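Colleague: Before anything else, here's the structure in question.
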Amino acid sequence: MSYHAGTYDCIVVGAGHAGCEAALAAARLGARTLLFTLNMENIALMPCNPSIGGPAKGHLVREIDALGGEMGRNIDETYIQLRMLNTGKGPAVHALRAQADKYRYQNRMTRILQDQENLALKQALIERIILDEQGEIAGVETENGALYNCRALILCTGTYLKGRIIIGDVHYPGGPNGQRAPLHLSVSLQEAGIQLGRFKTGTPARVDGRTIDFSQMSEQPGDTDRKYFSFLTETGSDLNIPCYLAYTNLETHQSIRDNIHFSPLYSGKIEGTGPRYCPSIEDKVMRFADKERHQLFLEPEGLDTYEIYVQGMSSSLPEEVQLQFLRTIKGMEKVEVMRTGYAIEYDYVVPTQLTLSLESKEIRGLFCAGQLNGTSGYEEAAAQGLMAGINAALKLQGREPFVLKRSEAYIGVLIDDLVTKGTNEPYRMMTSRAEYRLLLRQDNADLRLTEKGYQIGLVTAERYAAFSRKKELLSDELLRLQNTSASPADSRVLAMLEERNSSPLRQSQSLADLLRRAEINYADLVRAGLGRELPEAVCEQIDIQLKYAGYIEKQLAQVERFERMENKPLPQEIDYAGINGLSSEARQKLNKLRPASVGQASRISGVSPADISVLLVYLEQRRRQGAGHE
Amino acid sequence: MKEDTIAAVTTAAGAAGIGVIRVSGEDAAVIADRVFRSKRGIRLQDRPSHTVTYGRIVDAQGWFVDECLALSMQGPQSFTGENIIELQCHGGTVVLTKVLELVLSAGARLAEPGEFSKRAFLHGRMDLSQAEAVMDLISAKTEKAAAAASGQLSGALREEVSDLRAKILEIIAYLEAEIDFPEEDIEKMSRAELQKKLTSVAADMERLLETFQSGKILREGLKTVLAGRPNVGKSSLLNALLQEKRAIVTDVPGTTRDVIEEYYNLGGIPVILTDTAGIRETGDLVERLGVEKTREALIAADLILYVLDLTEEITPEELQLLREMPQDKLLILVNKHDLLQEAAEEAEIRERLREYPLVFVSARDGSGLDLLKQSIRERYLLPSGRMSEQPLISNVRQKDALTKALQAVRAAFASAAGDMPADFISIDLRQVWLSLGEITGETVEENIIDEIFSKFCLGK
């Protein structure tokens, strides 16, 4: 029996990484928001690796933070180890990566949600979406028959929809980590006209740290100098708990090969497409047969547990086989498994059905975010959750959607890729996907986005003040460096150049020009008495902006060309079938995808540059015809 | 916002009297000024709208290419509504292609099919009724251009370019995998290895570009100039080569008053022979005009056959003149070999002119002519060892894309050599990958990620 249980502005289904950001953003922007979780104990759960960040993913976290999201601050307070990766490979690909204490991470996020004004938190399994007569979102129904009304619904159901767990020849319905899986919500979505696909992913076993001889492995400590995800964090958890590096060996591989016929992937029990960047160990052994060993990272799951995550060992082989091959590894001869690795198959929403604001093109008021949209990873999920939360709130306020361009943020690349091109495997963010990578650095995420976050209303006064101060210090100092010249005779300059093994000046040069030399950093100027005492983040900005100015300008010029097309909107009511000059493939694809701008249209496969030219002429024709009617 | 500046030949292909290259966009005049020289040093940038300026087109080395009338039109009062410079040159594919190439390397982009009309419409220079026509024009022209391009994309070129792309893709995959998966246990490419690979790719590209030159010669003819002092026998040689009397020959110096062009099939190479008036100072006005044309012809030529008379002393002035000529095009013919009296004489001449390639010929008895043909063939058809076949790079668009790719390879090499981080090398290599893709029509980004995953074992 159903009953009416309440009315909210915005309902978020699922309290994983996407759902938490979505609910917080919507509530912080003033929407009365209700967040549903399957299980109050599992909010912001990390059912796979206990880690956040890395190349492109770390960039996403910085961007989420710069816009006023929560993930950055949450991990800063709960990490057990922090490392900056890629430090030798160029400033744009520096990437922060943290090992999380997954329980503390969950606890902090749960508290933040509970403390949030405008936000209610309830445990329930949602099995149905409710539409009104216009086909717009009206609410949801729980499995217990509670009906909740809302004007905006954000689905963040992760890998749970019709989830199926597979371990060898054993399989059963279920979500990750022993959770339940909604079985009817998929049907309800399909009935509403939403097209679903099926993906798979997997996770390795968790083992008991007390049964591992870590002395047989190499210790992997974190960095000692502290850099945080959040631009606001001044002191984080500041722990440095090591991980351990181990390797598979020929015996491991033999054991896997001997049992490969039990693999549900090889026997055809799994139909969903899995991600290439997260292959199971059986996949690695079979596909790269000549590799004699594969690397494993043993990562603690938290301070208050002995559980260890075995990164690199994802598997859906039978439980006893998993134990058998784990015990072939040096230092793990007596290992005990605490949780078995598994593969999971689940329904996802084909993301090309969404607009750039992550709203369904068919059902107004329905937003989708996170792994539900065919992505993988906590960071990708959180980024979408934040954007969906912002856009749901903006819509409720009658404001324009907030869309980030590919030239502005990894978040923009992520969402544009998803809704424009779709994906045929769980989508992972990679720096190689960003064509303007040099501009989308993790160090300047605040400079790129905080102003926007402030305009939306998500950035707090505290954050905005800190940001404005940094920006001012930076521009003042850049100006001073350009206008201050260093004379060849200046003893401070001479000493500095000599110390840095840099050739002497022949004539006066600006300090900015001096900093363009690879071997001179702002810190050298400070030591020589030619710089100022500035926050480290400002010094870093100065070095990067001056040293790579040539490359940066080149990309800025490309961006200018790129944005010209992005800034030409395509009205949604255009009937592309009626535009004669378009190729038939272009007409079909454009009618199906209904892109928001000429730029987005140009990225649809099958739409050629000539089609774009035709569209431009068509738009101009339309504009002049429109002007004629007025 | 600034639109890029585009250029294309706007007159129909084939030998017309006048050929026009249209340059349209904000920087039209700035770009045109890089290839255009007026006699009095007037810059097109400084010319008012709707004016004509007489001058010449010169190449990067300052050599004369063609005479030219430049029409300046400032937007919005122009066909496209943008700044336009139209360069009216002498017709003929050879000259027009050369001028277009120069304009492109001076900073313009080759116009897409129908792009001038598109811009004209977008800038309000055509009325609404013409919109449909413009859209049709774009699609029709694109179809035609695509058909022509695929016709000109030989199987051999497609193979070569695909091969180059595969090599670049491999390098990109190495760099990107290292960036996106820094903690994975994957094979890395050393800087030395990277530089070695880039050097080899650059060499392949240079070789491919060379085929544009020889391809052009096969297609359009080797522009050959017969030069030399009056009465050394240039016209007789020309006749001997053509085996028919074409130029007027007398013993009076300076009878050949005009430049006469003839096509000649030289063992498979189409040669355009130009006989010129003798090079010397003269007071005769008519003659002086002819001499000036000779100098121009020398500069525009692919090959200069400089004729000496064996029986006459080589003067210091003449040696000076030889030194001033474009050396890479120069071949010296010592005529009247039939009048040679002793072998020592020949040795002495060889010694005096040892810096130059020499062939002894006789217009009268035809001796040495076979040797001449052979050395021309060797010089123009054999350098890359593949000239007997179809030229690979066959049009300006292909050449332009390949040139851009080569520049980007060089930039990547410089970054690698300068110890720049991997990210910066990758930026240039992506440009290479895209430019090469323009030749074969493949520009799918996803390939890079596919390559990374097929090459490396990655993941948790």
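Here's how to read the names in the structure tokens: chain A, B, ... by the order shown, residue numbers from 1 in each chain, ligand numbers from 1 in the order shown.
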Give as a VMD selection string every residue of chain A that touches chain B within 7 Å, counting only C-alpha atoms.
Modeller: chain A and resid 55 85 to 86 88 to 90 93 276 to 279 284 288 295 311 to 314 430 to 432 581 610 614 617 620 to 621
Colleague: Grab the residues selected above and save them as a CSV table (one decimal), in the first residue's frame with N, CA, C and O atoms.
Modeller:
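Below is the file that was written, result_20.csv:
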```csv
chain,number,residue,atom,x,y,z
A,55,PRO,N,46.4,10.9,-11.7
A,55,PRO,CA,46.2,11.8,-12.9
A,55,PRO,C,44.8,11.9,-13.3
A,55,PRO,O,44.1,11.0,-13.4
A,85,LEU,N,52.1,12.7,-7.7
A,85,LEU,CA,52.6,11.9,-8.8
A,85,LEU,C,53.0,12.8,-10.0
A,85,LEU,O,52.6,13.9,-10.1
A,86,ASN,N,53.8,12.2,-10.9
A,86,ASN,CA,54.2,12.8,-12.2
A,86,ASN,C,55.0,14.1,-12.0
A,86,ASN,O,54.9,15.0,-12.9
A,88,GLY,N,57.9,14.9,-12.5
A,88,GLY,CA,58.9,15.2,-13.5
A,88,GLY,C,58.3,15.4,-14.9
A,88,GLY,O,59.1,15.5,-15.9
A,89,LYS,N,57.0,15.4,-15.0
A,89,LYS,CA,56.5,15.2,-16.4
A,89,LYS,C,55.7,16.5,-16.9
A,89,LYS,O,55.0,16.4,-17.8
A,90,GLY,N,55.9,17.6,-16.2
A,90,GLY,CA,55.3,18.8,-16.7
A,90,GLY,C,54.2,19.2,-15.7
A,90,GLY,O,53.5,18.4,-15.2
A,93,VAL,N,50.4,17.8,-15.6
A,93,VAL,CA,50.0,16.5,-15.3
A,93,VAL,C,50.5,16.1,-13.9
A,93,VAL,O,50.3,14.9,-13.5
A,276,ARG,N,38.8,-1.3,-19.8
A,276,ARG,CA,40.1,-1.9,-20.2
A,276,ARG,C,41.2,-1.5,-19.2
A,276,ARG,O,42.2,-2.2,-19.1
A,277,TYR,N,41.0,-0.4,-18.5
A,277,TYR,CA,42.1,0.1,-17.6
A,277,TYR,C,42.0,-0.6,-16.2
A,277,TYR,O,42.8,-0.3,-15.4
A,278,CYS,N,41.0,-1.4,-16.0
A,278,CYS,CA,40.9,-2.1,-14.7
A,278,CYS,C,40.7,-3.6,-15.0
A,278,CYS,O,39.7,-4.1,-14.7
A,279,PRO,N,41.6,-4.2,-15.7
A,279,PRO,CA,41.4,-5.6,-16.1
A,279,PRO,C,41.6,-6.5,-14.9
A,279,PRO,O,42.3,-6.1,-13.9
A,284,LYS,N,44.8,-10.0,-17.3
A,284,LYS,CA,46.2,-9.5,-17.6
A,284,LYS,C,47.0,-10.7,-17.9
A,284,LYS,O,47.9,-10.6,-18.8
A,288,PHE,N,48.4,-10.6,-21.6
A,288,PHE,CA,49.9,-10.3,-21.7
A,288,PHE,C,50.7,-11.5,-21.2
A,288,PHE,O,51.3,-11.4,-20.2
A,295,GLN,N,52.5,-6.1,-11.1
A,295,GLN,CA,52.8,-5.3,-9.9
A,295,GLN,C,51.5,-5.3,-9.0
A,295,GLN,O,50.4,-5.2,-9.5
A,311,GLN,N,45.6,-4.1,-4.6
A,311,GLN,CA,45.4,-3.4,-5.9
A,311,GLN,C,46.2,-4.2,-6.9
A,311,GLN,O,47.4,-4.5,-6.8
A,312,GLY,N,45.5,-4.5,-8.0
A,312,GLY,CA,46.2,-5.2,-9.1
A,312,GLY,C,45.7,-6.6,-9.2
A,312,GLY,O,46.0,-7.4,-10.1
A,313,MET,N,44.8,-7.1,-8.3
A,313,MET,CA,44.4,-8.5,-8.2
A,313,MET,C,42.9,-8.7,-8.4
A,313,MET,O,42.3,-9.7,-7.9
A,314,SER,N,42.3,-7.7,-9.0
A,314,SER,CA,40.8,-7.8,-9.2
A,314,SER,C,40.5,-9.1,-9.9
A,314,SER,O,41.2,-9.5,-10.9
A,430,MET,N,41.0,10.6,-18.1
A,430,MET,CA,42.5,10.5,-18.3
A,430,MET,C,42.9,11.8,-18.8
A,430,MET,O,42.2,12.5,-19.5
A,431,THR,N,44.2,12.2,-18.4
A,431,THR,CA,44.6,13.5,-18.9
A,431,THR,C,44.7,13.6,-20.4
A,431,THR,O,44.5,14.6,-21.0
A,432,SER,N,44.9,12.4,-21.0
A,432,SER,CA,45.0,12.4,-22.5
A,432,SER,C,43.7,12.7,-23.2
A,432,SER,O,43.6,12.9,-24.4
A,581,GLY,N,21.6,20.8,-47.2
A,581,GLY,CA,23.0,20.6,-47.4
A,581,GLY,C,23.7,19.6,-46.5
A,581,GLY,O,24.8,19.2,-46.8
A,610,ALA,N,32.2,20.0,-43.3
A,610,ALA,CA,31.3,20.6,-44.3
A,610,ALA,C,29.9,20.7,-43.7
A,610,ALA,O,29.2,21.7,-43.9
A,614,VAL,N,27.6,24.1,-43.3
A,614,VAL,CA,26.2,24.2,-43.7
A,614,VAL,C,25.4,24.7,-42.5
A,614,VAL,O,24.5,25.5,-42.6
A,617,VAL,N,25.7,28.4,-42.0
A,617,VAL,CA,24.9,29.1,-42.9
A,617,VAL,C,23.4,29.1,-42.6
A,617,VAL,O,22.7,30.0,-42.6
A,620,GLU,N,22.5,31.3,-39.7
A,620,GLU,CA,22.5,32.7,-40.1
A,620,GLU,C,21.2,33.0,-40.9
A,620,GLU,O,20.5,34.0,-40.7
A,621,GLN,N,20.8,32.0,-41.7
A,621,GLN,CA,19.6,32.2,-42.5
A,621,GLN,C,18.4,32.3,-41.5
A,621,GLN,O,17.5,33.2,-41.6
```
Colleague: Within 8 Å of Thr159 of chain A, counting only C-alpha atoms, which residues qualify if same-chain residues fewer than 3 places away don't, as a list of chain:residue names?
Modeller: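 My list of contacting residues is A:Gly163, A:Gly175, A:Pro176, A:Ile344, A:Glu345, A:Tyr346, A:Asp347, A:Tyr348, A:Gln371, A:Leu372.
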Colleague: So that I can check the surroundings of Phe262 of chain A, please list as a list in words every protein, DNA and RNA residue that reaches within 12 Å of it, counting only C-alpha atoms and ignoring chain neighbours fewer than 4 positions away.
Modeller: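 Result of the neighbour search: Ile166, Ile167, Gly168, Asp169, Val170, Ser255, Ile256, Arg257, Asp258, Tyr266, Ser267, Gly268, Lys269, Ile270, Glu282, Ser315, Ser316, Leu317, Pro318, Glu319, Glu320, Val321 and Gln322 of chain A.
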Colleague: Export N, CA and C atoms of the chosen residues as a PDB file, in the first residue's frame?
Modeller:
```pdb
ATOM      1  N   ILE A 166      29.216 -11.785  -9.464  1.00  0.00           N
ATOM      2  CA  ILE A 166      29.680 -13.038 -10.072  1.00  0.00           C
ATOM      3  C   ILE A 166      31.038 -13.419  -9.478  1.00  0.00           C
ATOM      4  N   ILE A 167      31.105 -14.606  -8.916  1.00  0.00           N
ATOM      5  CA  ILE A 167      32.359 -15.142  -8.391  1.00  0.00           C
ATOM      6  C   ILE A 167      32.467 -16.567  -8.915  1.00  0.00           C
ATOM      7  N   GLY A 168      33.307 -16.767  -9.923  1.00  0.00           N
ATOM      8  CA  GLY A 168      33.400 -18.091 -10.537  1.00  0.00           C
ATOM      9  C   GLY A 168      32.055 -18.502 -11.095  1.00  0.00           C
ATOM     10  N   ASP A 169      31.576 -19.702 -10.714  1.00  0.00           N
ATOM     11  CA  ASP A 169      30.277 -20.117 -11.236  1.00  0.00           C
ATOM     12  C   ASP A 169      29.127 -19.723 -10.313  1.00  0.00           C
ATOM     13  N   VAL A 170      29.465 -18.966  -9.269  1.00  0.00           N
ATOM     14  CA  VAL A 170      28.430 -18.485  -8.354  1.00  0.00           C
ATOM     15  C   VAL A 170      27.980 -17.097  -8.796  1.00  0.00           C
ATOM     16  N   SER A 255      48.697 -20.824 -11.781  1.00  0.00           N
ATOM     17  CA  SER A 255      47.502 -21.140 -11.012  1.00  0.00           C
ATOM     18  C   SER A 255      46.260 -20.513 -11.660  1.00  0.00           C
ATOM     19  N   ILE A 256      46.430 -19.301 -12.212  1.00  0.00           N
ATOM     20  CA  ILE A 256      45.304 -18.639 -12.882  1.00  0.00           C
ATOM     21  C   ILE A 256      44.966 -19.348 -14.188  1.00  0.00           C
ATOM     22  N   ARG A 257      46.026 -19.685 -14.940  1.00  0.00           N
ATOM     23  CA  ARG A 257      45.779 -20.359 -16.223  1.00  0.00           C
ATOM     24  C   ARG A 257      45.094 -21.711 -16.018  1.00  0.00           C
ATOM     25  N   ASP A 258      45.529 -22.419 -14.955  1.00  0.00           N
ATOM     26  CA  ASP A 258      44.934 -23.730 -14.682  1.00  0.00           C
ATOM     27  C   ASP A 258      43.442 -23.638 -14.401  1.00  0.00           C
ATOM     28  N   TYR A 266      35.473 -15.766 -19.298  1.00  0.00           N
ATOM     29  CA  TYR A 266      35.893 -16.666 -20.364  1.00  0.00           C
ATOM     30  C   TYR A 266      34.819 -17.678 -20.697  1.00  0.00           C
ATOM     31  N   SER A 267      33.952 -17.992 -19.723  1.00  0.00           N
ATOM     32  CA  SER A 267      32.894 -18.951 -20.008  1.00  0.00           C
ATOM     33  C   SER A 267      31.648 -18.257 -20.558  1.00  0.00           C
ATOM     34  N   GLY A 268      31.687 -16.915 -20.636  1.00  0.00           N
ATOM     35  CA  GLY A 268      30.568 -16.188 -21.243  1.00  0.00           C
ATOM     36  C   GLY A 268      29.443 -15.866 -20.264  1.00  0.00           C
ATOM     37  N   LYS A 269      29.675 -16.073 -18.953  1.00  0.00           N
ATOM     38  CA  LYS A 269      28.615 -15.764 -17.986  1.00  0.00           C
ATOM     39  C   LYS A 269      28.431 -14.260 -17.822  1.00  0.00           C
ATOM     40  N   ILE A 270      29.491 -13.502 -18.128  1.00  0.00           N
ATOM     41  CA  ILE A 270      29.373 -12.051 -18.023  1.00  0.00           C
ATOM     42  C   ILE A 270      29.183 -11.484 -19.419  1.00  0.00           C
ATOM     43  N   GLU A 282      43.096 -12.244 -14.143  1.00  0.00           N
ATOM     44  CA  GLU A 282      43.046 -13.304 -15.149  1.00  0.00           C
ATOM     45  C   GLU A 282      43.145 -12.719 -16.560  1.00  0.00           C
ATOM     46  N   SER A 315      39.496  -9.849  -9.444  1.00  0.00           N
ATOM     47  CA  SER A 315      39.248 -11.177  -9.996  1.00  0.00           C
ATOM     48  C   SER A 315      37.811 -11.613  -9.782  1.00  0.00           C
ATOM     49  N   SER A 316      37.306 -12.415 -10.718  1.00  0.00           N
ATOM     50  CA  SER A 316      35.995 -13.030 -10.500  1.00  0.00           C
ATOM     51  C   SER A 316      36.139 -14.547 -10.579  1.00  0.00           C
ATOM     52  N   LEU A 317      37.338 -15.042 -10.334  1.00  0.00           N
ATOM     53  CA  LEU A 317      37.543 -16.494 -10.288  1.00  0.00           C
ATOM     54  C   LEU A 317      36.932 -17.024  -8.986  1.00  0.00           C
ATOM     55  N   PRO A 318      36.697 -18.323  -8.892  1.00  0.00           N
ATOM     56  CA  PRO A 318      36.082 -18.882  -7.679  1.00  0.00           C
ATOM     57  C   PRO A 318      36.891 -18.542  -6.431  1.00  0.00           C
ATOM     58  N   GLU A 319      36.195 -18.488  -5.334  1.00  0.00           N
ATOM     59  CA  GLU A 319      36.787 -18.094  -4.061  1.00  0.00           C
ATOM     60  C   GLU A 319      38.050 -18.888  -3.736  1.00  0.00           C
ATOM     61  N   GLU A 320      37.986 -20.234  -3.919  1.00  0.00           N
ATOM     62  CA  GLU A 320      39.139 -21.044  -3.536  1.00  0.00           C
ATOM     63  C   GLU A 320      40.321 -20.787  -4.460  1.00  0.00           C
ATOM     64  N   VAL A 321      40.035 -20.448  -5.736  1.00  0.00           N
ATOM     65  CA  VAL A 321      41.127 -20.141  -6.668  1.00  0.00           C
ATOM     66  C   VAL A 321      41.785 -18.823  -6.256  1.00  0.00           C
ATOM     67  N   GLN A 322      40.961 -17.853  -5.861  1.00  0.00           N
ATOM     68  CA  GLN A 322      41.501 -16.564  -5.415  1.00  0.00           C
ATOM     69  C   GLN A 322      42.479 -16.769  -4.256  1.00  0.00           C
TER      70      GLN A 322
END
```
Colleague: Within 10 Å of Ala537 of chain A, counting only C-alpha atoms, which residues qualify if same-chain residues fewer than 2 places away don't, as a list of chain:residue names?
Modeller: A:Lys227, A:Phe231, A:Asp443, A:Asn444, A:Lys470, A:Leu474, A:Leu534, A:Pro535, A:Cys539, A:Glu540, A:Gln541, A:Ile542
Colleague: For Arg397 of chain B, which residue out of B:Ile57, B:Ala412, B:Leu110, B:Val52 is the nearest one, using only C-alpha atoms?
Modeller: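 The answer is B:Leu110, which sits nearest to Arg397 of chain B.
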Colleague: Could you tell me which of B:Pro357, B:Gly418, B:Gly81, B:Gly25 comes closest to Arg191 of chain B if we count only C-alpha atoms?
Modeller: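 Closest to Arg191 of chain B of all the choices is B:Gly418.
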Colleague: Using only C-alpha atoms, which residues sit within 12 Å of Arg399 of chain A once same-chain residues fewer than 5 positions away are excluded, as a list of chain:residue names?
Modeller: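 After dropping sequence-adjacent residues, the list is A:Leu29, A:Ile390, A:Asn391, A:Ala392, A:Ala393, A:Leu394, A:Gln455, A:Ile456, A:Gly457.
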Colleague: Now that the selection is made, can you save its residues with N, CA and C atoms as a PDB file, in the first residue's frame?
Modeller:
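Result written to selection.pdb:
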```
ATOM      1  N   LEU A  29      22.517  25.385  -2.215  1.00  0.00           N
ATOM      2  CA  LEU A  29      21.965  26.419  -3.092  1.00  0.00           C
ATOM      3  C   LEU A  29      20.508  26.722  -2.736  1.00  0.00           C
ATOM      4  N   ILE A 390      24.094  21.168  -8.774  1.00  0.00           N
ATOM      5  CA  ILE A 390      24.051  22.594  -9.118  1.00  0.00           C
ATOM      6  C   ILE A 390      22.943  22.854 -10.134  1.00  0.00           C
ATOM      7  N   ASN A 391      22.904  22.025 -11.172  1.00  0.00           N
ATOM      8  CA  ASN A 391      21.936  22.279 -12.246  1.00  0.00           C
ATOM      9  C   ASN A 391      20.496  22.045 -11.827  1.00  0.00           C
ATOM     10  N   ALA A 392      20.291  21.053 -10.949  1.00  0.00           N
ATOM     11  CA  ALA A 392      18.933  20.842 -10.444  1.00  0.00           C
ATOM     12  C   ALA A 392      18.489  22.092  -9.671  1.00  0.00           C
ATOM     13  N   ALA A 393      19.385  22.605  -8.811  1.00  0.00           N
ATOM     14  CA  ALA A 393      19.044  23.785  -8.015  1.00  0.00           C
ATOM     15  C   ALA A 393      18.812  25.001  -8.903  1.00  0.00           C
ATOM     16  N   LEU A 394      19.685  25.180  -9.905  1.00  0.00           N
ATOM     17  CA  LEU A 394      19.529  26.329 -10.802  1.00  0.00           C
ATOM     18  C   LEU A 394      18.195  26.252 -11.535  1.00  0.00           C
ATOM     19  N   GLN A 455      29.646  32.828  -8.364  1.00  0.00           N
ATOM     20  CA  GLN A 455      28.478  33.354  -9.093  1.00  0.00           C
ATOM     21  C   GLN A 455      27.258  32.471  -8.877  1.00  0.00           C
ATOM     22  N   ILE A 456      27.503  31.159  -8.862  1.00  0.00           N
ATOM     23  CA  ILE A 456      26.396  30.214  -8.661  1.00  0.00           C
ATOM     24  C   ILE A 456      25.858  30.329  -7.240  1.00  0.00           C
ATOM     25  N   GLY A 457      26.768  30.587  -6.311  1.00  0.00           N
ATOM     26  CA  GLY A 457      26.342  30.696  -4.914  1.00  0.00           C
ATOM     27  C   GLY A 457      26.828  29.541  -4.056  1.00  0.00           C
TER      28      GLY A 457
END
```
Colleague: Pick out the closest residue to Glu160 of chain B from this set: B:Ala111, B:Ala12, B:Ile349, B:Leu402. Count only C-alpha atoms.
Modeller: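 Of B:Ala111, B:Ala12, B:Ile349, B:Leu402, the one nearest Glu160 of chain B, counting only C-alpha atoms, is B:Leu402.
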Colleague: May I have the residues within 12 Å of Arg527 of chain A as number ranges by chain, using only C-alpha atoms and disregarding those fewer than 3 positions away in the same chain?
Modeller: A: 492-493, 495-497, 499-500, 520-524, 530-533
Colleague: For segment 9-14 of chain A, please output as a list of chain:residue names all residues within 6 Å (counting only C-alpha atoms; exclusion window: fewer than 6 positions along the same chain).
Modeller: A:Ala31, A:Arg32, A:Thr33, A:Leu34, A:Leu35, A:Phe36, A:Thr37, A:Cys150, A:Arg151, A:Ala152, A:Leu153, A:Ile154, A:Leu155, A:Cys156, A:Thr157
